[in-house]
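Engineer: Structure: model_18.cif, mmCIF, C-alpha atoms.
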data_model
#
loop_
_atom_site.label_atom_id
_atom_site.label_comp_id
_atom_site.auth_asym_id
_atom_site.auth_seq_id
_atom_site.Cartn_x
_atom_site.Cartn_y
_atom_site.Cartn_z
CA MET W 14 -13.09 -37.99 37.19
CA ASN W 15 -13.32 -41.80 36.93
CA GLY W 16 -15.72 -42.03 34.00
CA ALA W 17 -18.73 -42.81 36.21
CA GLU W 18 -20.51 -39.54 35.47
CA LEU W 19 -19.77 -36.50 33.35
CA PRO W 20 -19.72 -33.01 34.89
CA ARG W 21 -22.78 -30.91 34.19
CA VAL W 22 -23.85 -27.33 34.85
CA SER W 23 -26.86 -25.12 34.31
CA VAL W 24 -27.08 -22.87 31.26
CA LYS W 25 -26.85 -20.03 33.80
CA ALA W 26 -23.37 -21.13 34.92
CA GLU W 27 -20.47 -18.69 34.85
CA LEU W 28 -18.23 -18.91 31.80
CA ASP W 29 -15.11 -19.11 33.97
CA ASP W 30 -16.54 -22.19 35.71
CA VAL W 31 -17.24 -23.89 32.37
CA VAL W 32 -13.72 -23.14 31.15
CA GLU W 33 -12.23 -24.51 34.38
CA ILE W 34 -14.18 -27.76 34.00
CA LEU W 35 -13.18 -28.12 30.34
CA GLU W 36 -9.51 -27.60 31.05
CA ARG W 37 -9.64 -30.08 33.95
CA ASP W 38 -12.01 -32.79 32.68
CA GLY W 39 -12.15 -32.01 28.95
CA CYS W 40 -15.94 -32.20 28.82
CA VAL W 41 -19.09 -30.74 30.34
CA ILE W 42 -22.86 -31.06 29.83
CA ILE W 43 -24.79 -27.78 29.67
CA GLU W 44 -28.40 -28.30 30.73
CA ASP W 45 -31.15 -26.41 28.84
CA PHE W 46 -28.55 -25.19 26.34
CA ALA W 47 -31.01 -24.41 23.50
CA GLU W 48 -34.17 -22.34 23.75
CA PRO W 49 -37.38 -24.32 23.07
CA ASP W 50 -38.11 -22.41 19.82
CA THR W 51 -34.58 -23.05 18.56
CA LEU W 52 -34.84 -26.75 19.36
CA ALA W 53 -38.23 -27.04 17.65
CA GLY W 54 -36.99 -25.21 14.57
CA LEU W 55 -33.91 -27.41 14.26
CA ARG W 56 -35.94 -30.57 14.55
CA ALA W 57 -38.50 -29.39 12.00
CA ASP W 58 -35.76 -28.49 9.50
CA LEU W 59 -33.34 -31.38 9.98
CA GLU W 60 -35.35 -34.47 10.84
CA PRO W 61 -37.01 -34.74 7.36
CA ILE W 62 -33.58 -34.40 5.73
CA LEU W 63 -32.17 -37.12 7.96
CA ASP W 64 -35.12 -39.34 7.01
CA ASP W 65 -34.02 -39.08 3.36
CA ALA W 66 -30.27 -39.43 4.01
CA ARG W 67 -28.60 -42.74 3.28
CA TYR W 68 -26.68 -44.69 5.89
CA CYS W 69 -22.99 -43.96 6.22
CA ALA W 70 -20.76 -45.86 3.80
CA LYS W 71 -17.86 -46.26 6.24
CA GLY W 72 -18.20 -48.54 9.22
CA TYR W 73 -16.37 -46.03 11.40
CA ASP W 74 -19.25 -43.57 10.89
CA GLY W 75 -21.88 -46.22 11.61
CA HIS W 76 -23.70 -48.55 9.20
CA LEU W 77 -27.01 -47.66 10.85
CA THR W 78 -26.15 -43.98 11.28
CA ARG W 79 -27.34 -41.15 9.05
CA ARG W 80 -25.32 -37.93 8.75
CA VAL W 81 -26.10 -34.63 7.00
CA SER W 82 -23.66 -31.72 6.79
CA SER W 83 -23.67 -28.08 5.56
CA LEU W 84 -26.28 -27.20 8.15
CA PHE W 85 -26.24 -23.43 7.63
CA ARG W 86 -27.92 -23.96 4.26
CA ARG W 87 -30.38 -26.46 5.67
CA THR W 88 -31.70 -24.57 8.68
CA SER W 89 -32.03 -20.97 9.82
CA HIS W 90 -31.91 -21.96 13.50
CA LEU W 91 -28.22 -22.78 13.88
CA VAL W 92 -26.88 -19.31 14.73
CA PRO W 93 -28.11 -19.34 18.37
CA VAL W 94 -26.35 -22.67 18.87
CA VAL W 95 -23.00 -21.55 17.48
CA THR W 96 -23.06 -18.20 19.28
CA GLN W 97 -24.37 -19.49 22.63
CA PRO W 98 -22.09 -17.69 25.14
CA LEU W 99 -21.01 -20.73 27.13
CA TYR W 100 -19.93 -22.56 23.97
CA LEU W 101 -18.43 -19.75 21.91
CA GLY W 102 -17.00 -18.07 24.99
CA ALA W 103 -15.40 -21.29 26.21
CA ALA W 104 -13.95 -22.04 22.77
CA ARG W 105 -12.38 -18.60 22.63
CA ALA W 106 -11.00 -18.86 26.16
CA VAL W 107 -9.51 -22.31 25.60
CA MET W 108 -8.06 -21.82 22.11
CA GLN W 109 -7.34 -18.11 21.69
CA LYS W 110 -4.22 -18.16 23.84
CA PRO W 111 -1.83 -15.25 23.22
CA GLY W 112 1.65 -16.03 21.97
CA HIS W 113 4.50 -14.16 20.37
CA MET W 114 6.93 -14.27 17.46
CA TRP W 115 10.01 -12.33 16.41
CA VAL W 116 10.09 -10.25 13.24
CA GLY W 117 13.62 -8.96 13.05
CA ARG W 118 14.26 -7.50 16.48
CA ALA W 119 10.57 -6.83 17.15
CA ARG W 120 8.73 -9.14 19.52
CA ILE W 121 5.13 -9.24 18.29
CA GLU W 122 2.22 -10.52 20.34
CA VAL W 123 -0.19 -12.74 18.39
CA THR W 124 -3.54 -14.24 19.39
CA PRO W 125 -5.11 -16.68 16.90
CA ASN W 126 -8.70 -16.55 15.73
CA ILE W 127 -11.06 -19.50 15.70
CA GLN W 128 -13.20 -20.74 12.83
CA LEU W 129 -16.23 -22.92 12.21
CA SER W 130 -14.84 -26.21 10.98
CA ALA W 131 -17.85 -28.51 10.52
CA THR W 132 -21.57 -28.81 11.17
CA GLN W 133 -23.48 -32.06 11.01
CA ALA W 134 -26.80 -33.59 12.00
CA ILE W 135 -26.54 -37.21 13.17
CA ARG W 136 -29.17 -39.90 13.65
CA ILE W 137 -28.19 -43.19 15.30
CA ASP W 138 -30.86 -45.75 14.45
CA PRO W 139 -31.84 -48.81 16.48
CA GLY W 140 -29.31 -51.62 16.21
CA GLN W 141 -26.28 -49.39 15.69
CA GLY W 142 -23.32 -50.55 17.79
CA ARG W 143 -20.74 -48.48 19.64
CA GLN W 144 -18.44 -46.26 17.62
CA PRO W 145 -14.70 -46.72 18.20
CA LEU W 146 -13.38 -44.28 20.80
CA HIS W 147 -11.35 -41.55 19.09
CA ARG W 148 -10.02 -38.01 19.37
CA ASP W 149 -11.46 -35.40 17.00
CA ASP W 150 -8.21 -33.45 16.85
CA SER W 151 -6.55 -36.50 15.31
CA LEU W 152 -7.73 -34.84 12.08
CA HIS W 153 -5.07 -32.20 12.76
CA LEU W 154 -2.38 -34.82 13.48
CA ARG W 155 -1.88 -33.23 16.89
CA ARG W 156 0.48 -34.59 19.52
CA HIS W 157 -0.77 -34.99 23.09
CA PRO W 158 -0.81 -33.54 25.58
CA GLY W 159 -0.66 -30.13 23.96
CA PRO W 160 -2.63 -27.00 23.06
CA THR W 161 -6.29 -27.47 22.14
CA SER W 162 -7.07 -27.04 18.44
CA ARG W 163 -10.79 -27.96 18.55
CA VAL W 164 -13.75 -27.42 20.88
CA GLN W 165 -16.74 -29.55 19.91
CA LEU W 166 -20.44 -29.27 20.70
CA MET W 167 -23.17 -31.90 20.48
CA LEU W 168 -26.73 -30.69 20.94
CA ALA W 169 -29.31 -33.33 21.80
CA LEU W 170 -32.30 -33.03 19.45
CA SER W 171 -33.83 -36.05 21.18
CA ASP W 172 -33.23 -37.37 24.68
CA PHE W 173 -29.81 -39.03 25.14
CA THR W 174 -29.74 -42.13 27.33
CA ALA W 175 -27.24 -44.88 28.03
CA GLU W 176 -29.55 -47.25 26.12
CA ASN W 177 -30.18 -45.22 22.94
CA GLY W 178 -26.64 -44.27 21.93
CA ALA W 179 -25.67 -41.32 24.12
CA THR W 180 -22.15 -40.22 23.25
CA LEU W 181 -19.53 -42.04 25.32
CA VAL W 182 -16.80 -39.80 26.75
CA VAL W 183 -13.56 -40.57 28.57
CA PRO W 184 -13.16 -37.56 30.89
CA GLY W 185 -9.64 -36.28 31.42
CA SER W 186 -8.24 -38.15 28.40
CA HIS W 187 -7.02 -34.91 26.79
CA HIS W 188 -4.20 -35.08 29.36
CA TRP W 189 -3.03 -38.48 28.07
CA ASP W 190 -0.10 -39.02 25.76
CA ASP W 191 -0.40 -40.66 22.34
CA GLU W 192 0.64 -44.13 23.53
CA THR W 193 -2.28 -44.65 25.93
CA PRO W 194 -5.22 -46.38 24.19
CA PRO W 195 -8.79 -45.67 25.30
CA ALA W 196 -11.13 -48.29 26.75
CA TYR W 197 -14.91 -48.34 27.00
CA SER W 198 -14.54 -49.17 30.68
CA GLY W 199 -13.34 -45.61 31.27
CA ALA W 200 -16.12 -43.96 29.25
CA ALA W 201 -19.35 -42.47 30.57
CA PRO W 202 -22.53 -41.81 28.54
CA ALA W 203 -23.55 -38.19 28.02
CA ALA W 204 -27.11 -38.82 29.22
CA MET W 205 -29.13 -35.62 28.85
CA PRO W 206 -32.58 -34.44 27.77
CA ALA W 207 -33.27 -32.89 24.38
CA GLY W 208 -32.08 -29.27 24.34
CA SER W 209 -29.05 -29.93 26.51
CA ALA W 210 -25.56 -30.03 25.02
CA LEU W 211 -22.22 -31.73 25.52
CA ILE W 212 -19.06 -29.65 25.02
CA TRP W 213 -15.70 -31.39 24.82
CA LEU W 214 -12.13 -30.68 23.80
CA GLY W 215 -10.61 -32.16 20.65
CA GLY W 216 -8.14 -34.26 22.63
CA VAL W 217 -10.84 -36.12 24.57
CA TYR W 218 -11.58 -39.72 23.57
CA HIS W 219 -15.25 -40.26 22.78
CA GLY W 220 -17.61 -42.14 20.43
CA GLY W 221 -21.24 -42.73 19.69
CA GLY W 222 -22.93 -45.24 21.95
CA ALA W 223 -24.93 -48.32 20.95
CA ASN W 224 -28.64 -47.83 20.33
CA ARG W 225 -30.39 -50.75 22.01
CA THR W 226 -33.87 -49.17 21.85
CA ASP W 227 -36.54 -49.03 19.14
CA ARG W 228 -36.21 -45.27 18.52
CA PRO W 229 -33.46 -43.19 16.87
CA ARG W 230 -31.13 -40.87 18.74
CA VAL W 231 -30.89 -37.49 16.98
CA SER W 232 -28.34 -34.71 17.46
CA LEU W 233 -26.33 -32.04 15.74
CA THR W 234 -22.67 -31.28 16.20
CA VAL W 235 -20.59 -28.16 15.64
CA SER W 236 -16.81 -27.89 15.75
CA LEU W 237 -14.79 -24.74 16.32
CA ASP W 238 -11.10 -24.96 15.39
CA LEU W 239 -8.03 -22.77 15.51
CA ALA W 240 -8.24 -20.56 12.43
CA ASN W 241 -4.59 -20.99 11.46
CA LEU W 242 -5.34 -24.58 10.38
CA ARG W 243 -6.05 -23.59 6.77
CA ALA W 244 -4.36 -22.25 3.66
CA GLU W 245 -2.81 -18.78 3.75
CA GLU W 246 -4.67 -17.67 0.59
CA ASN W 247 -8.40 -18.34 0.24
CA SER W 248 -8.40 -19.92 -3.20
CA PHE W 249 -12.09 -20.78 -3.02
CA LEU W 250 -12.85 -17.04 -3.27
CA ALA W 251 -9.81 -16.04 -5.32
CA LEU W 252 -10.37 -18.45 -8.22
CA PRO W 253 -13.61 -18.80 -10.19
CA ARG W 254 -14.85 -22.33 -10.65
CA GLU W 255 -14.21 -22.15 -14.39
CA THR W 256 -10.55 -21.34 -13.75
CA VAL W 257 -10.15 -24.25 -11.36
CA LEU W 258 -11.83 -26.68 -13.79
CA ALA W 259 -9.24 -25.79 -16.45
CA LEU W 260 -6.39 -26.87 -14.17
CA PRO W 261 -4.96 -30.39 -13.86
CA GLU W 262 -6.51 -32.56 -11.15
CA GLU W 263 -3.25 -32.55 -9.18
CA VAL W 264 -3.35 -28.73 -8.99
CA GLN W 265 -7.05 -28.74 -8.11
CA ARG W 266 -6.27 -30.96 -5.15
CA LEU W 267 -3.34 -28.78 -4.13
CA LEU W 268 -5.74 -25.83 -4.08
CA GLY W 269 -7.87 -27.59 -1.46
CA TYR W 270 -10.33 -29.69 -3.47
CA ASP W 271 -9.06 -32.77 -1.67
CA ILE W 272 -9.17 -34.68 1.62
CA CYS W 273 -6.11 -34.76 3.86
CA PRO W 274 -5.86 -38.08 5.73
CA PRO W 275 -7.39 -39.01 8.03
CA GLY W 276 -10.32 -36.78 7.07
CA VAL W 277 -9.94 -33.00 6.72
CA GLY W 278 -11.54 -31.18 3.81
CA TRP W 279 -14.56 -33.34 3.02
CA TYR W 280 -17.79 -32.14 1.43
CA GLU W 281 -20.89 -34.06 2.58
CA MET W 282 -18.48 -36.68 3.97
CA GLU W 283 -16.94 -37.36 0.55
CA ASP W 284 -14.22 -36.13 -1.83
CA PRO W 285 -14.81 -32.38 -2.40
CA ARG W 286 -13.60 -32.70 -5.99
CA LEU W 287 -16.95 -34.38 -6.76
CA ALA W 288 -18.68 -31.06 -6.09
CA LEU W 289 -16.18 -29.29 -8.34
CA VAL W 290 -16.56 -31.53 -11.40
CA GLU W 291 -20.25 -32.44 -10.87
CA PRO W 292 -22.23 -29.24 -10.18
CA GLY W 293 -25.08 -29.70 -7.71
CA VAL W 294 -23.89 -33.06 -6.47
CA GLU W 295 -25.08 -34.04 -3.00
CA PRO W 296 -22.98 -37.14 -2.23
CA ALA W 297 -24.52 -37.93 1.16
CA LEU W 298 -28.10 -37.64 -0.08
CA ARG W 299 -27.91 -39.54 -3.39
#
Would you encode the structure as structure tokens?

Structural biologist:
Amino acid sequence: MNGAELPRVSVKAELDDVVEILERDGCVIIEDFAEPDTLAGLRADLEPILDDARYCAKGYDGHLTRRVSSLFRRTSHLVPVVTQPLYLGAARAVMQKPGHMWVGRARIEVTPNIQLSATQAIRIDPGQGRQPLHRDDSLHLRRHPGPTSRVQLMLALSDFTAENGATLVVPGSHHWDDETPPAYSGAAPAAMPAGSALIWLGGVYHGGGANRTDRPRVSLTVSLDLANLRAEENSFLALPRETVLALPEEVQRLLGYDICPPGVGWYEMEDPRLALVEPGVEPALR
């Protein structure tokens, strides 16, 4: 691929074909990904919340971009998106690669699970410029090329065009090493109608496009990650909030109420300790 156009398939495509495209090009557009009722329900639930959300505080996220997270508690229409066979099936095929380890003299086969890592609705308003091209798996401090630790989905809730901020993608860039910088000249816009979706691997360079129109571009994104990228013990279930509050801040952060640079562990895009010490806080919506 030379960046001129992104690969695309019908929602009726074979899973094996989607996986082949992802492993080769790192990205694919699935046409008619969401059912009309699902799309309508997501828009009805999320667009009013985005209207009330403040603009992102960090320039990297877009000064004229609104983001809302924790989508499972904000809409009942997300399950069909996450479990759509071409997305979930491709994520499992790409990431759940069998391996082995030795325990004593026993050679044990191990296949990792995957986990939901983040959900977010995004609105790019008119006047927003291009986002810097980046790799999502940089959050995991991965080295490239190497095994995939994230498979990402972006569902278009409004039409995506080259003029209104369609996501820019550099196809094939998951094969690059870590010394090769991305350039916009190698990126192609994920132009697609509402209801279609872009799937890409964590090692692919991409970024939001510039919105040069008078209407917002609206989407939601879901990330599936390797499930071993988390703590061995689930302290969020093991320890009551009252117990955690009685601990020193340093220990609270060691338990996971913290952000690991460059950005793993956030709550509503901010320090999760805010939610611990200030019950009911909604940082992104204040």

Engineer: Skipping near chain neighbours, those fewer than 3 positions away, what residues fall within 12 Å of Leu55 in chain W using only C-alpha atoms, listed as a ChimeraX atom specification?

Structural biologist: /W:47-52,58-63,84-85,87-94,133-134,168-171,207-208,231-233

Engineer: Given the choices W:Val235, W:Ala244, W:Ala53, W:Leu99, which gets closest to Gly215 in chain W if the distance is worked out from all atoms listed in the file?

Structural biologist: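 Between W:Val235, W:Ala244, W:Ala53, W:Leu99, the residue approaching Gly215 in chain W most closely is W:Val235.
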
Engineer: If we count all atoms listed in the file and set the cut-off at 7 Å, which residues sit around Val164 in chain W, ignoring sequence neighbours fewer than 5 positions away in its own chain? Please answer as a ChimeraX atom specification.

Structural biologist: /W:104,213-215,236-238

Engineer: Would you pick out the contacts of Glu27 in chain W at 12 Å or less, using all atoms listed in the file, so that residues sharing its chain but fewer than 3 positions from it are not included, and give the list as a PDB file with C-alpha atoms, in the frame of the given file?

Structural biologist:
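Generated file (part.pdb):
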ATOM      1  CA  VAL W  22     -23.850 -27.330  34.850  1.00  0.00           C
ATOM      2  CA  SER W  23     -26.860 -25.120  34.310  1.00  0.00           C
ATOM      3  CA  VAL W  24     -27.080 -22.870  31.260  1.00  0.00           C
ATOM      4  CA  ASP W  30     -16.540 -22.190  35.710  1.00  0.00           C
ATOM      5  CA  VAL W  31     -17.240 -23.890  32.370  1.00  0.00           C
ATOM      6  CA  VAL W  32     -13.720 -23.140  31.150  1.00  0.00           C
ATOM      7  CA  GLU W  33     -12.230 -24.510  34.380  1.00  0.00           C
ATOM      8  CA  ILE W  34     -14.180 -27.760  34.000  1.00  0.00           C
ATOM      9  CA  ILE W  43     -24.790 -27.780  29.670  1.00  0.00           C
ATOM     10  CA  PRO W  98     -22.090 -17.690  25.140  1.00  0.00           C
ATOM     11  CA  LEU W  99     -21.010 -20.730  27.130  1.00  0.00           C
ATOM     12  CA  TYR W 100     -19.930 -22.560  23.970  1.00  0.00           C
ATOM     13  CA  GLY W 102     -17.000 -18.070  24.990  1.00  0.00           C
ATOM     14  CA  ALA W 103     -15.400 -21.290  26.210  1.00  0.00           C
TER      15      ALA W 103
END

Engineer: Between CA of His157 in chain W and CA of Asp190 in chain W, what is the spacing in Å?

Structural biologist: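 Computing the Euclidean distance for CA of Asp190 in chain W and CA of His157 in chain W yields 4.9 Å.
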
Engineer: Could you jot down the CA of Ile135 in chain W to CA of Val81 in chain W separation for me, Å, one decimal place?

Structural biologist: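 Those two atoms sit 6.7 Å apart.
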
Engineer: Applied to the shown file, which residues does the PyMOL selection byres ((chain W and resi 72-79) around 8) return, written as number ranges by chain?

Structural biologist: W: 63, 66-71, 80-81, 135-142, 144-145

Engineer: Given all atoms listed in the file as the basis, pick out the residue of W:His219, W:Arg225, W:Arg254, W:Arg156 nearest to Cys40 in chain W.

Structural biologist: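 For Cys40 in chain W, the nearest of the given residues is W:His219.
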
Engineer: Fewer than 6 positions away in the same chain doesn't count, so skip those; otherwise give me all residues within 7 Å of Asn177 in chain W, counting only C-alpha atoms, as JSON, numbers by chain.

Structural biologist: {"W": [223, 224, 225, 226, 230]}

Engineer: Please report the interatomic distance between CA of Pro195 in chain W and CA of Gly178 in chain W in Å with one decimal.

Structural biologist: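 One can read the CA of Pro195 in chain W to CA of Gly178 in chain W distance as 18.2 Å.
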
Engineer: Given the file shown, determine the residues that the PyMOL selection byres ((chain W and resi 203) around 8) selects; report them as a PyMOL selection string.

Structural biologist: chain W and resi 19+42+173-175+179-182+201-202+204-205+211

Engineer: Point out the residue among W:Thr132, W:Glu122, W:Gly199, W:Leu152 with the least atom-to-atom distance to Ile272 in chain W, counting only C-alpha atoms.

Structural biologist: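 Closest candidate: W:Leu152.
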
Engineer: What's around Ile212 in chain W at 7 Å? Count all atoms listed in the file, leave out sequence neighbours fewer than 2 positions away in its own chain, and write the answer as a ChimeraX atom specification.

Structural biologist: /W:40-42,165-167,210

Engineer: Which residues would end up in the selection if the PyMOL selection byres ((chain W and resi 275) around 10) were applied here, given that I need the answer as a list in words?

Structural biologist: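 That expression, the PyMOL selection byres ((chain W and resi 275) around 10), corresponds here to Ser151, Leu152, His153, Leu154, Ile272, Cys273, Pro274, Gly276, Val277 and Gly278 of chain W.
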
Engineer: For each of W:His113, W:Arg155, W:His147, W:Arg163, take the minimum atom-to-atom distance to Ala131 in chain W, counting only C-alpha atoms, then give the residue where this is smallest.

Structural biologist: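 Checking each candidate against Ala131 in chain W, we get W:Arg163 as the closest.
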
Engineer: List every protein, DNA or RNA residue with an atom no more than 7 Å from (-6.8, -13.7, 20.4) in the file's coordinates, counting all atoms listed in the file, and format the result as number ranges by chain.

Structural biologist: W: 109-111, 123-126

Engineer: Just so I have it separately, write range 47-74 of chain W from the block I sent, keeping N, CA and C atoms, as an mmCIF file, in the first residue's frame.

Structural biologist:
data_model
loop_
_atom_site.group_PDB
_atom_site.id
_atom_site.type_symbol
_atom_site.label_atom_id
_atom_site.label_comp_id
_atom_site.auth_asym_id
_atom_site.auth_seq_id
_atom_site.Cartn_x
_atom_site.Cartn_y
_atom_site.Cartn_z
ATOM 1 N N ALA W 47 -22.044 -1.374 11.560
ATOM 2 C CA ALA W 47 -23.078 -1.327 12.606
ATOM 3 C C ALA W 47 -24.469 -1.378 11.985
ATOM 4 N N GLU W 48 -25.367 -2.098 12.651
ATOM 5 C CA GLU W 48 -26.762 -2.119 12.226
ATOM 6 C C GLU W 48 -27.379 -0.731 12.414
ATOM 7 N N PRO W 49 -28.358 -0.360 11.585
ATOM 8 C CA PRO W 49 -28.965 0.977 11.691
ATOM 9 C C PRO W 49 -29.511 1.289 13.084
ATOM 10 N N ASP W 50 -30.155 0.328 13.753
ATOM 11 C CA ASP W 50 -30.703 0.581 15.088
ATOM 12 C C ASP W 50 -29.587 0.829 16.105
ATOM 13 N N THR W 51 -28.491 0.087 15.963
ATOM 14 C CA THR W 51 -27.354 0.294 16.863
ATOM 15 C C THR W 51 -26.772 1.678 16.660
ATOM 16 N N LEU W 52 -26.590 2.078 15.419
ATOM 17 C CA LEU W 52 -26.037 3.392 15.109
ATOM 18 C C LEU W 52 -26.935 4.504 15.652
ATOM 19 N N ALA W 53 -28.236 4.359 15.450
ATOM 20 C CA ALA W 53 -29.173 5.386 15.934
ATOM 21 C C ALA W 53 -29.158 5.465 17.452
ATOM 22 N N GLY W 54 -29.100 4.311 18.110
ATOM 23 C CA GLY W 54 -29.071 4.303 19.571
ATOM 24 C C GLY W 54 -27.811 4.939 20.127
ATOM 25 N N LEU W 55 -26.666 4.658 19.506
ATOM 26 C CA LEU W 55 -25.409 5.253 19.953
ATOM 27 C C LEU W 55 -25.435 6.763 19.784
ATOM 28 N N ARG W 56 -25.932 7.220 18.679
ATOM 29 C CA ARG W 56 -25.976 8.665 18.448
ATOM 30 C C ARG W 56 -26.918 9.344 19.442
ATOM 31 N N ALA W 57 -28.068 8.737 19.691
ATOM 32 C CA ALA W 57 -29.025 9.333 20.622
ATOM 33 C C ALA W 57 -28.454 9.409 22.035
ATOM 34 N N ASP W 58 -27.682 8.394 22.434
ATOM 35 C CA ASP W 58 -27.128 8.364 23.786
ATOM 36 C C ASP W 58 -25.904 9.260 23.939
ATOM 37 N N LEU W 59 -25.036 9.286 22.937
ATOM 38 C CA LEU W 59 -23.719 9.897 23.106
ATOM 39 C C LEU W 59 -23.626 11.343 22.622
ATOM 40 N N GLU W 60 -24.384 11.708 21.616
ATOM 41 C CA GLU W 60 -24.235 13.066 21.091
ATOM 42 C C GLU W 60 -24.615 14.142 22.113
ATOM 43 N N PRO W 61 -25.691 13.964 22.926
ATOM 44 C CA PRO W 61 -25.968 14.984 23.951
ATOM 45 C C PRO W 61 -24.864 15.082 25.003
ATOM 46 N N ILE W 62 -24.231 13.962 25.334
ATOM 47 C CA ILE W 62 -23.142 13.990 26.305
ATOM 48 C C ILE W 62 -21.937 14.708 25.726
ATOM 49 N N LEU W 63 -21.649 14.473 24.453
ATOM 50 C CA LEU W 63 -20.549 15.184 23.803
ATOM 51 C C LEU W 63 -20.832 16.683 23.730
ATOM 52 N N ASP W 64 -22.098 17.058 23.544
ATOM 53 C CA ASP W 64 -22.449 18.479 23.521
ATOM 54 C C ASP W 64 -22.049 19.158 24.827
ATOM 55 N N ASP W 65 -22.176 18.436 25.943
ATOM 56 C CA ASP W 65 -21.896 19.011 27.261
ATOM 57 C C ASP W 65 -20.440 18.858 27.682
ATOM 58 N N ALA W 66 -19.671 18.035 26.967
ATOM 59 C CA ALA W 66 -18.276 17.795 27.350
ATOM 60 C C ALA W 66 -17.417 19.012 27.005
ATOM 61 N N ARG W 67 -16.416 19.242 27.819
ATOM 62 C CA ARG W 67 -15.505 20.354 27.547
ATOM 63 C C ARG W 67 -14.476 19.915 26.499
ATOM 64 N N TYR W 68 -13.802 20.882 25.923
ATOM 65 C CA TYR W 68 -12.725 20.572 24.990
ATOM 66 C C TYR W 68 -11.532 19.978 25.741
ATOM 67 N N CYS W 69 -10.758 19.184 25.025
ATOM 68 C CA CYS W 69 -9.614 18.520 25.641
ATOM 69 C C CYS W 69 -8.608 19.552 26.149
ATOM 70 N N ALA W 70 -8.010 19.239 27.300
ATOM 71 C CA ALA W 70 -7.063 20.169 27.917
ATOM 72 C C ALA W 70 -5.695 20.090 27.261
ATOM 73 N N LYS W 71 -5.334 18.925 26.726
ATOM 74 C CA LYS W 71 -4.019 18.730 26.123
ATOM 75 C C LYS W 71 -4.098 18.903 24.618
ATOM 76 N N GLY W 72 -3.142 19.664 24.077
ATOM 77 C CA GLY W 72 -3.137 19.915 22.655
ATOM 78 C C GLY W 72 -3.067 18.655 21.822
ATOM 79 N N TYR W 73 -2.381 17.651 22.337
ATOM 80 C CA TYR W 73 -2.260 16.381 21.622
ATOM 81 C C TYR W 73 -3.634 15.783 21.336
ATOM 82 N N ASP W 74 -4.576 15.952 22.280
ATOM 83 C CA ASP W 74 -5.915 15.389 22.122
ATOM 84 C C ASP W 74 -6.837 16.280 21.316
#
